[in-house]
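*Asks:* So that you have it, the file is work.cif, and it contains mmCIF, C-alpha atoms:
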data_entry
#
loop_
_atom_site.group_PDB
_atom_site.id
_atom_site.type_symbol
_atom_site.label_atom_id
_atom_site.label_comp_id
_atom_site.auth_asym_id
_atom_site.auth_seq_id
_atom_site.Cartn_x
_atom_site.Cartn_y
_atom_site.Cartn_z
ATOM 1 C CA MET A 126 -24.752 69.927 68.993
ATOM 2 C CA ILE A 127 -25.167 68.394 65.533
ATOM 3 C CA ASN A 128 -22.727 69.050 62.718
ATOM 4 C CA ILE A 129 -24.453 68.777 59.335
ATOM 5 C CA LEU A 130 -22.081 67.918 56.495
ATOM 6 C CA MET A 131 -23.012 68.813 52.907
ATOM 7 C CA SER A 132 -21.017 68.176 49.741
ATOM 8 C CA THR A 133 -21.936 70.211 46.665
ATOM 9 C CA TYR A 134 -21.114 69.886 42.987
ATOM 10 C CA ASN A 135 -22.853 71.970 40.299
ATOM 11 C CA GLY A 136 -25.935 72.095 42.492
ATOM 12 C CA GLU A 137 -27.318 75.509 41.608
ATOM 13 C CA LYS A 138 -30.707 74.213 40.436
ATOM 14 C CA TYR A 139 -31.966 72.807 43.740
ATOM 15 C CA LEU A 140 -29.488 73.991 46.356
ATOM 16 C CA THR A 141 -31.493 76.891 47.773
ATOM 17 C CA GLU A 142 -34.475 74.641 48.568
ATOM 18 C CA GLN A 143 -32.247 72.261 50.505
ATOM 19 C CA LEU A 144 -30.505 75.032 52.411
ATOM 20 C CA ASP A 145 -33.837 76.625 53.295
ATOM 21 C CA SER A 146 -35.194 73.309 54.572
ATOM 22 C CA ILE A 147 -32.181 72.968 56.897
ATOM 23 C CA LEU A 148 -32.628 76.500 58.164
ATOM 24 C CA LEU A 149 -36.280 75.688 58.940
ATOM 25 C CA GLN A 150 -35.483 72.720 61.196
ATOM 26 C CA THR A 151 -37.366 72.770 64.487
ATOM 27 C CA TYR A 152 -34.184 71.647 66.256
ATOM 28 C CA THR A 153 -31.772 74.558 66.021
ATOM 29 C CA ASP A 154 -28.559 73.534 67.820
ATOM 30 C CA TRP A 155 -26.640 72.683 64.655
ATOM 31 C CA ASN A 156 -23.848 73.939 62.439
ATOM 32 C CA LEU A 157 -23.686 73.344 58.680
ATOM 33 C CA PHE A 158 -20.325 72.603 57.050
ATOM 34 C CA ILE A 159 -20.339 72.659 53.243
ATOM 35 C CA ARG A 160 -17.516 71.447 51.029
ATOM 36 C CA ASP A 161 -17.725 72.245 47.331
ATOM 37 C CA ASP A 162 -16.221 69.539 45.116
ATOM 38 C CA GLY A 163 -15.095 71.783 42.267
ATOM 39 C CA SER A 164 -18.326 73.299 40.909
ATOM 40 C CA ASN A 165 -18.208 75.391 37.742
ATOM 41 C CA ASP A 166 -21.756 76.771 37.894
ATOM 42 C CA ASN A 167 -23.277 79.272 40.361
ATOM 43 C CA THR A 168 -23.088 76.944 43.361
ATOM 44 C CA ILE A 169 -20.257 78.859 45.062
ATOM 45 C CA THR A 170 -22.106 82.158 44.620
ATOM 46 C CA ILE A 171 -25.221 80.707 46.222
ATOM 47 C CA LEU A 172 -23.198 79.287 49.105
ATOM 48 C CA ASN A 173 -21.389 82.568 49.724
ATOM 49 C CA ASN A 174 -24.700 84.449 49.807
ATOM 50 C CA TYR A 175 -26.047 82.080 52.455
ATOM 51 C CA LYS A 176 -22.766 82.275 54.365
ATOM 52 C CA LYS A 177 -23.016 86.076 54.519
ATOM 53 C CA LYS A 178 -26.578 85.895 55.790
ATOM 54 C CA TYR A 179 -26.081 83.028 58.253
ATOM 55 C CA SER A 180 -22.428 83.362 59.227
ATOM 56 C CA ASP A 181 -23.067 81.943 62.685
ATOM 57 C CA LYS A 182 -24.507 78.681 61.265
ATOM 58 C CA ILE A 183 -22.706 77.998 57.959
ATOM 59 C CA THR A 184 -19.050 77.261 57.242
ATOM 60 C CA ILE A 185 -17.819 76.757 53.671
ATOM 61 C CA VAL A 186 -14.806 74.602 52.810
ATOM 62 C CA SER A 187 -13.462 74.944 49.277
ATOM 63 C CA ASP A 188 -10.033 73.478 48.504
ATOM 64 C CA GLY A 189 -10.490 73.256 44.716
ATOM 65 C CA GLN A 190 -10.199 69.464 44.568
ATOM 66 C CA ASN A 191 -12.677 67.134 42.917
ATOM 67 C CA LEU A 192 -12.845 64.013 45.084
ATOM 68 C CA GLY A 193 -16.256 62.619 44.159
ATOM 69 C CA ALA A 194 -19.183 62.423 46.565
ATOM 70 C CA CYS A 195 -17.877 59.573 48.726
ATOM 71 C CA HIS A 196 -14.519 61.103 49.564
ATOM 72 C CA SER A 197 -15.798 64.659 49.642
ATOM 73 C CA PHE A 198 -18.030 63.598 52.536
ATOM 74 C CA GLU A 199 -15.066 61.767 54.058
ATOM 75 C CA ARG A 200 -13.010 64.988 53.946
ATOM 76 C CA LEU A 201 -15.827 66.821 55.726
ATOM 77 C CA LEU A 202 -16.094 64.138 58.380
ATOM 78 C CA GLN A 203 -12.325 64.139 58.927
ATOM 79 C CA GLY A 204 -12.404 67.870 59.607
ATOM 80 C CA ASN A 205 -15.224 67.715 62.133
ATOM 81 C CA ASP A 206 -14.897 66.160 65.567
ATOM 82 C CA ASN A 207 -16.303 68.918 67.758
ATOM 83 C CA ALA A 208 -19.947 67.857 67.889
ATOM 84 C CA ASP A 209 -21.960 65.188 69.680
ATOM 85 C CA TYR A 210 -23.631 63.997 66.496
ATOM 86 C CA PHE A 211 -23.115 64.174 62.738
ATOM 87 C CA ALA A 212 -25.573 64.178 59.830
ATOM 88 C CA PHE A 213 -25.058 64.145 56.071
ATOM 89 C CA SER A 214 -26.989 66.297 53.628
ATOM 90 C CA ASP A 215 -27.291 66.048 49.858
ATOM 91 C CA GLN A 216 -27.590 69.236 47.808
ATOM 92 C CA ASP A 217 -30.838 68.516 46.004
ATOM 93 C CA ASP A 218 -33.324 67.096 48.533
ATOM 94 C CA VAL A 219 -35.700 68.796 50.946
ATOM 95 C CA TRP A 220 -35.695 67.979 54.651
ATOM 96 C CA LEU A 221 -38.945 67.831 56.550
ATOM 97 C CA PRO A 222 -38.959 70.288 59.492
ATOM 98 C CA ASP A 223 -38.689 67.686 62.279
ATOM 99 C CA LYS A 224 -35.951 65.562 60.687
ATOM 100 C CA LEU A 225 -33.185 66.470 63.110
ATOM 101 C CA ALA A 226 -35.463 66.520 66.135
ATOM 102 C CA HIS A 227 -36.877 63.053 65.539
ATOM 103 C CA CYS A 228 -33.510 61.487 64.690
ATOM 104 C CA LEU A 229 -31.918 63.050 67.763
ATOM 105 C CA LYS A 230 -34.667 61.773 70.062
ATOM 106 C CA THR A 231 -34.247 58.245 68.659
ATOM 107 C CA MET A 232 -30.459 58.505 68.996
ATOM 108 C CA GLN A 233 -30.552 59.634 72.620
ATOM 109 C CA THR A 234 -32.963 56.849 73.523
ATOM 110 C CA ALA A 235 -30.641 54.315 71.870
ATOM 111 C CA GLU A 236 -27.594 55.723 73.663
ATOM 112 C CA GLN A 237 -29.286 55.206 77.015
ATOM 113 C CA GLN A 238 -29.760 51.545 76.129
ATOM 114 C CA PHE A 239 -26.411 50.983 74.388
ATOM 115 C CA VAL A 240 -23.800 52.916 76.336
ATOM 116 C CA ASN A 241 -20.455 53.766 74.712
ATOM 117 C CA THR A 242 -21.579 52.120 71.458
ATOM 118 C CA PRO A 243 -21.291 53.326 67.844
ATOM 119 C CA ILE A 244 -24.841 54.097 66.702
ATOM 120 C CA ILE A 245 -26.402 55.153 63.407
ATOM 121 C CA ILE A 246 -30.009 56.270 63.104
ATOM 122 C CA HIS A 247 -31.497 56.344 59.604
ATOM 123 C CA THR A 248 -34.964 56.870 58.188
ATOM 124 C CA ASP A 249 -37.237 56.292 55.234
ATOM 125 C CA LEU A 250 -37.625 58.866 52.450
ATOM 126 C CA GLU A 251 -40.413 60.098 50.206
ATOM 127 C CA VAL A 252 -39.441 59.608 46.562
ATOM 128 C CA VAL A 253 -40.330 62.744 44.580
ATOM 129 C CA ASN A 254 -39.747 64.122 41.103
ATOM 130 C CA GLU A 255 -37.977 67.354 40.184
ATOM 131 C CA GLN A 256 -41.038 69.394 41.157
ATOM 132 C CA LEU A 257 -41.277 67.595 44.538
ATOM 133 C CA GLN A 258 -44.371 65.685 43.448
ATOM 134 C CA THR A 259 -44.676 62.274 45.090
ATOM 135 C CA ILE A 260 -43.547 59.224 43.128
ATOM 136 C CA ASN A 261 -43.804 56.925 46.134
ATOM 137 C CA PRO A 262 -44.350 57.873 49.804
ATOM 138 C CA SER A 263 -41.788 55.276 50.922
ATOM 139 C CA PHE A 264 -38.351 54.711 49.394
ATOM 140 C CA TRP A 265 -38.044 51.477 51.383
ATOM 141 C CA GLN A 266 -41.263 50.189 49.840
ATOM 142 C CA TYR A 267 -40.318 51.471 46.390
ATOM 143 C CA SER A 268 -36.999 49.595 46.398
ATOM 144 C CA ASN A 269 -38.182 46.705 48.592
ATOM 145 C CA ILE A 270 -35.674 47.488 51.312
ATOM 146 C CA GLN A 271 -36.408 45.866 54.662
ATOM 147 C CA PRO A 272 -34.240 47.587 57.291
ATOM 148 C CA SER A 273 -35.243 45.257 60.106
ATOM 149 C CA LEU A 274 -33.887 42.342 58.052
ATOM 150 C CA VAL A 275 -30.807 44.100 56.752
ATOM 151 C CA ASN A 276 -29.596 46.154 59.720
ATOM 152 C CA ASN A 277 -29.060 43.150 61.993
ATOM 153 C CA ASN A 278 -27.090 41.102 59.454
ATOM 154 C CA LEU A 279 -23.631 42.213 58.385
ATOM 155 C CA HIS A 280 -23.735 40.131 55.197
ATOM 156 C CA TYR A 281 -27.120 41.490 54.113
ATOM 157 C CA LEU A 282 -26.011 45.068 54.788
ATOM 158 C CA ALA A 283 -23.002 44.520 52.512
ATOM 159 C CA ILE A 284 -25.243 43.074 49.793
ATOM 160 C CA CYS A 285 -28.009 45.674 50.044
ATOM 161 C CA ASN A 286 -27.157 48.853 51.901
ATOM 162 C CA SER A 287 -30.297 50.096 53.626
ATOM 163 C CA VAL A 288 -28.735 53.259 55.044
ATOM 164 C CA THR A 289 -29.286 56.334 52.882
ATOM 165 C CA GLY A 290 -26.682 58.960 53.709
ATOM 166 C CA CYS A 291 -28.984 61.975 53.645
ATOM 167 C CA THR A 292 -31.114 60.426 56.421
ATOM 168 C CA MET A 293 -28.209 59.351 58.666
ATOM 169 C CA MET A 294 -27.365 60.610 62.098
ATOM 170 C CA MET A 295 -24.310 59.098 63.801
ATOM 171 C CA ASN A 296 -22.694 59.551 67.164
ATOM 172 C CA LYS A 297 -18.995 60.141 67.835
ATOM 173 C CA LYS A 298 -18.219 56.448 68.135
ATOM 174 C CA ALA A 299 -19.692 55.681 64.714
ATOM 175 C CA ARG A 300 -17.721 58.587 63.250
ATOM 176 C CA GLU A 301 -14.529 57.255 64.830
ATOM 177 C CA TYR A 302 -14.928 53.770 63.355
ATOM 178 C CA GLY A 303 -16.092 55.087 59.982
ATOM 179 C CA LEU A 304 -12.785 56.834 59.292
ATOM 180 C CA PRO A 305 -10.830 56.505 57.141
ATOM 181 C CA VAL A 306 -13.126 55.502 54.291
ATOM 182 C CA SER A 307 -11.635 52.749 52.132
ATOM 183 C CA PRO A 308 -10.501 53.745 48.609
ATOM 184 C CA ASN A 309 -12.681 50.828 47.435
ATOM 185 C CA ALA A 310 -15.787 52.073 49.218
ATOM 186 C CA TYR A 311 -18.722 52.582 46.885
ATOM 187 C CA MET A 312 -20.273 55.309 49.047
ATOM 188 C CA HIS A 313 -19.561 56.791 52.458
ATOM 189 C CA ASP A 314 -22.933 55.830 53.966
ATOM 190 C CA ALA A 315 -22.572 52.115 53.212
ATOM 191 C CA TRP A 316 -18.967 52.073 54.422
ATOM 192 C CA ILE A 317 -19.756 53.761 57.754
ATOM 193 C CA ALA A 318 -22.764 51.507 58.341
ATOM 194 C CA LEU A 319 -20.637 48.399 57.740
ATOM 195 C CA GLN A 320 -17.902 49.639 60.043
ATOM 196 C CA THR A 321 -20.457 50.357 62.741
ATOM 197 C CA LEU A 322 -21.725 46.774 62.667
ATOM 198 C CA LEU A 323 -18.208 45.391 62.422
ATOM 199 C CA HIS A 324 -17.409 47.154 65.708
ATOM 200 C CA ASN A 325 -20.459 45.790 67.545
ATOM 201 C CA GLY A 326 -22.465 48.925 66.936
ATOM 202 C CA LYS A 327 -26.128 49.497 66.190
ATOM 203 C CA VAL A 328 -27.742 50.562 62.923
ATOM 204 C CA ILE A 329 -31.262 51.563 63.897
ATOM 205 C CA PRO A 330 -34.060 52.352 61.436
ATOM 206 C CA LEU A 331 -36.599 55.028 62.265
ATOM 207 C CA PHE A 332 -39.764 54.048 60.414
ATOM 208 C CA GLU A 333 -40.620 57.565 59.442
ATOM 209 C CA THR A 334 -40.127 59.730 56.353
ATOM 210 C CA THR A 335 -37.846 62.686 56.995
ATOM 211 C CA VAL A 336 -36.602 63.661 53.522
ATOM 212 C CA LYS A 337 -38.132 64.433 50.152
ATOM 213 C CA TYR A 338 -35.722 62.428 47.968
ATOM 214 C CA ARG A 339 -35.605 64.295 44.678
ATOM 215 C CA GLN A 340 -35.074 62.258 41.499
ATOM 216 C CA HIS A 341 -33.549 63.976 38.470
ATOM 217 C CA ASN A 342 -31.081 63.366 35.656
ATOM 218 C CA SER A 343 -28.025 64.365 37.712
ATOM 219 C CA ASN A 344 -28.472 62.108 40.750
ATOM 220 C CA VAL A 345 -25.196 60.453 41.812
ATOM 221 C CA LEU A 346 -27.365 57.634 43.101
ATOM 222 C CA GLY A 347 -31.123 57.523 42.968
ATOM 223 C CA ALA A 348 -34.196 55.575 43.934
ATOM 224 C CA VAL A 349 -34.497 52.410 41.851
ATOM 225 C CA PRO A 350 -37.787 50.486 41.801
ATOM 226 C CA TYR A 351 -37.423 46.910 42.947
ATOM 227 C CA ARG A 352 -37.689 44.089 40.399
ATOM 228 C CA SER A 353 -39.444 41.169 41.998
ATOM 229 C CA THR A 354 -38.178 38.387 39.712
ATOM 230 C CA LEU A 355 -34.818 36.629 39.542
ATOM 231 C CA THR A 356 -33.684 39.228 37.015
ATOM 232 C CA ASN A 357 -33.044 41.400 40.067
ATOM 233 C CA LEU A 358 -29.993 39.239 40.758
ATOM 234 C CA ARG A 359 -28.414 40.603 37.589
ATOM 235 C CA PHE A 360 -29.711 44.147 37.985
ATOM 236 C CA LYS A 361 -26.832 46.621 38.257
ATOM 237 C CA TRP A 362 -24.368 43.841 38.947
ATOM 238 C CA HIS A 363 -21.548 46.395 38.884
ATOM 239 C CA LEU A 364 -23.003 47.814 42.111
ATOM 240 C CA ALA A 365 -22.858 44.351 43.636
ATOM 241 C CA LYS A 366 -19.206 44.047 42.658
ATOM 242 C CA GLN A 367 -18.523 47.392 44.298
ATOM 243 C CA ALA A 368 -20.188 46.122 47.466
ATOM 244 C CA TYR A 369 -17.956 43.065 47.313
ATOM 245 C CA LYS A 370 -14.817 45.196 47.070
ATOM 246 C CA GLN A 371 -16.057 47.365 49.892
ATOM 247 C CA ALA A 372 -16.821 44.525 52.275
ATOM 248 C CA HIS A 373 -13.805 42.324 51.442
ATOM 249 C CA PRO A 374 -11.859 41.088 53.356
ATOM 250 C CA HIS A 375 -13.979 41.709 56.433
ATOM 251 C CA ILE A 376 -16.916 39.602 55.306
ATOM 252 C CA PHE A 377 -16.348 37.677 52.073
ATOM 253 C CA ALA A 378 -13.636 35.164 51.393
ATOM 254 C CA ASN A 379 -14.261 35.002 47.629
ATOM 255 C CA ILE A 380 -16.825 35.697 44.931
ATOM 256 C CA LEU A 381 -18.596 32.386 45.572
ATOM 257 C CA THR A 382 -19.248 33.409 49.161
ATOM 258 C CA PHE A 383 -20.472 36.755 47.922
ATOM 259 C CA THR A 384 -22.862 35.091 45.472
ATOM 260 C CA TYR A 385 -24.140 32.786 48.203
ATOM 261 C CA TRP A 386 -25.102 35.710 50.419
ATOM 262 C CA LYS A 387 -26.655 37.632 47.556
ATOM 263 C CA LEU A 388 -28.876 34.655 46.712
ATOM 264 C CA ARG A 389 -29.690 34.118 50.375
ATOM 265 C CA TYR A 390 -30.711 37.766 50.735
ATOM 266 C CA PHE A 391 -32.867 37.606 47.622
ATOM 267 C CA PHE A 392 -34.813 34.618 48.891
ATOM 268 C CA ALA A 393 -35.061 36.072 52.414
ATOM 269 C CA LEU A 394 -37.049 38.967 50.922
ATOM 270 C CA HIS A 395 -39.617 36.535 49.573
ATOM 271 C CA LEU A 396 -40.135 34.250 52.552
#
Would you give me this structure, written as structure tokens?

*Replies:*
Amino acid sequence: MINILMSTYNGEKYLTEQLDSILLQTYTDWNLFIRDDGSNDNTITILNNYKKKYSDKITIVSDGQNLGACHSFERLLQGNDNADYFAFSDQDDVWLPDKLAHCLKTMQTAEQQFVNTPIIIHTDLEVVNEQLQTINPSFWQYSNIQPSLVNNNLHYLAICNSVTGCTMMMNKKAREYGLPVSPNAYMHDAWIALQTLLHNGKVIPLFETTVKYRQHNSNVLGAVPYRSTLTNLRFKWHLAKQAYKQAHPHIFANILTFTYWKLRYFFALHL
């Protein structure tokens, strides 16, 4: 059984396409838990309509609080421990039909090799515009993310998170170590990935596209094209500072150590 966890906030524009893509998954042994984070548009109405139609598959949690995406997903994860595996879903993407099936197959193969180990499986995405037209067939290529380099190095993962939440599947052990999410965590996906590695777990990339990653003006986070020059070291430095807060004190002793690893990661991409 897979529990799919979705957080919504004013998502009326694209929500039905995402819900339909989950309902069309070829793997069907799943339950969808949706927590609304205080929407004031028609999101709740849409969710209730789907709940009425698919009451055996969809559960809606609405406590009226606005926690932000990171801690809304944390609240969902805290309330779910009755499944073998857990997956996150955004409200505005579209899942390809075999997403769950392919991630589950990769997960079960990994669990046979790494017994009683926290494991995360994550995949590439297709970057698309609001109309689902392709911007780039590979998010990893678009943002120059190299999972094989990043996933095996705790410092690199803290500097450049390669794990996109909407592609993640985690087992119970990864869920256990991912909670609670630090108040300083930038996003839930990066925090859980770091905690998995910190507890001798495995973060395994599946080199396959499983999600149409929709880019629009309301993205909490989006796909950013990579800048190949040294200006990239300054690009969105506030995100780097958030990563520092998130990883400290597990990884970095001070800002100089942080800067060292950021420079080392930058040059590793170009070797």

*Asks:* Name the residues captured by the PyMOL selection byres ((chain A and resi 328) around 7) when it is applied to the shown file; answer as number ranges by chain.

*Replies:* A: 244-246, 276, 318, 326-327, 329-330

*Asks:* Between A:Leu331, A:Ile284, A:Gln266, A:Thr242, which has the minimum distance to His227 (chain A) (counting all atoms listed in the file)?

*Replies:*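 Checking each candidate against His227 (chain A), we get A:Leu331 as the closest.
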
*Asks:* Identify the residues around (-27.8, 63.6, 49.8) within a radius of 7 Å, measuring from only C-alpha atoms in the coordinates stated by the file, and give them as a PyMOL selection string.

*Replies:* chain A and resi 213-218+290-291

*Asks:* Report as a ChimeraX atom specification the full result of the PyMOL selection byres ((chain A and resi 162-171) around 9) when it is applied to this structure.

*Replies:* /A:132-138,140-141,160-161,172-176,187-194,197

*Asks:* How close does each residue of region 205-269 of chain A get to region 145-156 of chain A, giving the shortest atom pair and distance in Å to one decimal for every residue with an atom at most 8 Å away, counting only C-alpha atoms, sorted by chain and residue number, as a Markdown table?

*Replies:*
| residue | atom | partner | partner_atom | distance |
| --- | --- | --- | --- | --- |
| A:Val219 | CA | A:Ser146 | CA | 5.8 |
| A:Trp220 | CA | A:Ser146 | CA | 5.4 |
| A:Leu221 | CA | A:Ser146 | CA | 6.9 |
| A:Pro222 | CA | A:Gln150 | CA | 4.6 |
| A:Asp223 | CA | A:Thr151 | CA | 5.7 |
| A:Lys224 | CA | A:Gln150 | CA | 7.2 |
| A:Leu225 | CA | A:Tyr152 | CA | 6.1 |
| A:Ala226 | CA | A:Tyr152 | CA | 5.3 |

*Asks:* Env of Leu202 (chain A): 9 Å cut, atoms = all atoms listed in the file, seq-sep filter 6 positions within chain, self excluded. Answer as a list in words.

*Replies:*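 The residues that qualify are Leu130, Phe211, Arg300 and Leu304 of chain A.
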
*Asks:* Report as a Markdown table the residues of region 172-268 of chain A within 8 Å of region 307-316 of chain A, each with its shortest atom pair and distance in Å (one decimal), using all atoms listed in the file, ordered by chain and increasing residue number.

*Replies:*
| residue | atom | partner | partner_atom | distance |
| --- | --- | --- | --- | --- |
| A:Ala194 | CA | A:Met312 | CA | 7.6 |
| A:Cys195 | CA | A:Met312 | CA | 4.9 |
| A:His196 | CA | A:His313 | CA | 7.2 |
| A:Phe198 | CA | A:His313 | CA | 7.0 |
| A:Glu199 | CA | A:His313 | CA | 6.9 |

*Asks:* Enter the distance from CA of Gln143 (chain A) to CA of Gln203 (chain A), in Å, rounded to one decimal.

*Replies:*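 We find that CA of Gln143 (chain A) and CA of Gln203 (chain A) lie 23.1 Å from each other.
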
*Asks:* Got a sec to resolve the PyMOL selection byres ((chain A and resi 208) around 8) on this structure and send the residues as number ranges by chain?

*Replies:* A: 126-128, 205-207, 209-211, 297

*Asks:* Can you measure CA of Trp265 (chain A) to CA of Ala283 (chain A) for me? One decimal in Å is fine.

*Replies:* 16.6 Å

*Asks:* From the list A:Val240, A:Asn325, A:Arg389, A:Ile260, which residue is nearest Asn277 (chain A) when using all atoms listed in the file?

*Replies:*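 Going through A:Val240, A:Asn325, A:Arg389, A:Ile260 one by one, the smallest distance to Asn277 (chain A) is for A:Asn325.
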
*Asks:* Mind pulling up the distance from CA of Thr248 (chain A) to CA of Met295 (chain A)?

*Replies:*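 Computed distance, CA of Met295 (chain A) to CA of Thr248 (chain A), equals 12.2 Å.
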
*Asks:* If the box runs along x, y and z of the file and leaves 8 Å on each side of region 204-218 of chain A, what are its centre and edge lengths in Å, one decimal, as JSON?

*Replies:*
{"center_x": -22.9, "center_y": 66.6, "center_z": 57.8, "size_x": 36.9, "size_y": 21.2, "size_z": 39.7}

*Asks:* When you count only C-alpha atoms, which of these residues is closest to Tyr179 (chain A): A:Ser287, A:Leu144, A:Leu394, A:Arg200?

*Replies:* A:Leu144

*Asks:* For Glu255 (chain A), work out the shell of residues within 8 Å, counting only C-alpha atoms and skipping chain neighbours fewer than 2 positions away, then give it as a short mmCIF file (atom, residue, chain, number, x, y, z; two decimals) with C-alpha atoms, in the coordinates of the input.

*Replies:*
data_model
loop_
_atom_site.label_atom_id
_atom_site.label_comp_id
_atom_site.auth_asym_id
_atom_site.auth_seq_id
_atom_site.Cartn_x
_atom_site.Cartn_y
_atom_site.Cartn_z
CA VAL A 253 -40.33 62.74 44.58
CA LEU A 257 -41.28 67.60 44.54
CA GLN A 258 -44.37 65.68 43.45
CA ARG A 339 -35.60 64.30 44.68
CA GLN A 340 -35.07 62.26 41.50
CA HIS A 341 -33.55 63.98 38.47
#

*Asks:* Taking into account all atoms listed in the file, which residue in the set A:Gln256, A:Pro305, A:Tyr390, A:Leu396 is nearest to Tyr139 (chain A)?

*Replies:*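 The closest residue to Tyr139 (chain A) is A:Gln256.
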
*Asks:* Since the input is missing atoms, can you rebuild N, CA and C atoms for region 261-283 of chain A and write them as a JSON list (two decimals), in the coordinates of the input?

*Replies:*
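Generated output (part.json):
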[["chain", "number", "residue", "atom", "x", "y", "z"],
["A", 261, "ASN", "N", -43.42, 57.96, 45.18],
["A", 261, "ASN", "CA", -43.80, 56.92, 46.13],
["A", 261, "ASN", "C", -43.56, 57.48, 47.54],
["A", 262, "PRO", "N", -44.52, 57.31, 48.46],
["A", 262, "PRO", "CA", -44.35, 57.87, 49.80],
["A", 262, "PRO", "C", -43.27, 57.18, 50.62],
["A", 263, "SER", "N", -42.80, 56.01, 50.17],
["A", 263, "SER", "CA", -41.79, 55.28, 50.92],
["A", 263, "SER", "C", -40.71, 54.74, 49.99],
["A", 264, "PHE", "N", -39.48, 55.24, 50.15],
["A", 264, "PHE", "CA", -38.35, 54.71, 49.39],
["A", 264, "PHE", "C", -38.11, 53.25, 49.73],
["A", 265, "TRP", "N", -38.26, 52.87, 50.99],
["A", 265, "TRP", "CA", -38.04, 51.48, 51.38],
["A", 265, "TRP", "C", -39.03, 50.56, 50.67],
["A", 266, "GLN", "N", -40.27, 50.99, 50.56],
["A", 266, "GLN", "CA", -41.26, 50.19, 49.84],
["A", 266, "GLN", "C", -40.96, 50.18, 48.35],
["A", 267, "TYR", "N", -40.59, 51.31, 47.82],
["A", 267, "TYR", "CA", -40.32, 51.47, 46.39],
["A", 267, "TYR", "C", -39.20, 50.54, 45.92],
["A", 268, "SER", "N", -38.16, 50.42, 46.76],
["A", 268, "SER", "CA", -37.00, 49.60, 46.40],
["A", 268, "SER", "C", -36.97, 48.26, 47.13],
["A", 269, "ASN", "N", -38.07, 47.95, 47.83],
["A", 269, "ASN", "CA", -38.18, 46.70, 48.59],
["A", 269, "ASN", "C", -36.99, 46.51, 49.53],
["A", 270, "ILE", "N", -36.71, 47.54, 50.29],
["A", 270, "ILE", "CA", -35.67, 47.49, 51.31],
["A", 270, "ILE", "C", -36.35, 47.21, 52.65],
["A", 271, "GLN", "N", -35.84, 46.25, 53.37],
["A", 271, "GLN", "CA", -36.41, 45.87, 54.66],
["A", 271, "GLN", "C", -35.35, 46.08, 55.75],
["A", 272, "PRO", "N", -35.30, 47.27, 56.34],
["A", 272, "PRO", "CA", -34.24, 47.59, 57.29],
["A", 272, "PRO", "C", -34.15, 46.64, 58.48],
["A", 273, "SER", "N", -35.28, 46.16, 58.95],
["A", 273, "SER", "CA", -35.24, 45.26, 60.11],
["A", 273, "SER", "C", -34.52, 43.96, 59.77],
["A", 274, "LEU", "N", -34.60, 43.53, 58.51],
["A", 274, "LEU", "CA", -33.89, 42.34, 58.05],
["A", 274, "LEU", "C", -32.41, 42.65, 57.82],
["A", 275, "VAL", "N", -32.16, 43.78, 57.18],
["A", 275, "VAL", "CA", -30.81, 44.10, 56.75],
["A", 275, "VAL", "C", -29.92, 44.57, 57.90],
["A", 276, "ASN", "N", -30.44, 45.47, 58.75],
["A", 276, "ASN", "CA", -29.60, 46.15, 59.72],
["A", 276, "ASN", "C", -28.99, 45.23, 60.77],
["A", 277, "ASN", "N", -29.57, 44.07, 60.98],
["A", 277, "ASN", "CA", -29.06, 43.15, 61.99],
["A", 277, "ASN", "C", -28.17, 42.06, 61.41],
["A", 278, "ASN", "N", -27.87, 42.14, 60.12],
["A", 278, "ASN", "CA", -27.09, 41.10, 59.45],
["A", 278, "ASN", "C", -25.99, 41.76, 58.62],
["A", 279, "LEU", "N", -24.76, 41.58, 59.05],
["A", 279, "LEU", "CA", -23.63, 42.21, 58.38],
["A", 279, "LEU", "C", -23.54, 41.85, 56.91],
["A", 280, "HIS", "N", -23.81, 40.59, 56.59],
["A", 280, "HIS", "CA", -23.74, 40.13, 55.20],
["A", 280, "HIS", "C", -24.82, 40.79, 54.35],
["A", 281, "TYR", "N", -26.04, 40.87, 54.87],
["A", 281, "TYR", "CA", -27.12, 41.49, 54.11],
["A", 281, "TYR", "C", -26.85, 42.98, 53.90],
["A", 282, "LEU", "N", -26.30, 43.65, 54.92],
["A", 282, "LEU", "CA", -26.01, 45.07, 54.79],
["A", 282, "LEU", "C", -24.97, 45.31, 53.70],
["A", 283, "ALA", "N", -24.00, 44.40, 53.57],
["A", 283, "ALA", "CA", -23.00, 44.52, 52.51],
["A", 283, "ALA", "C", -23.61, 44.28, 51.14]]
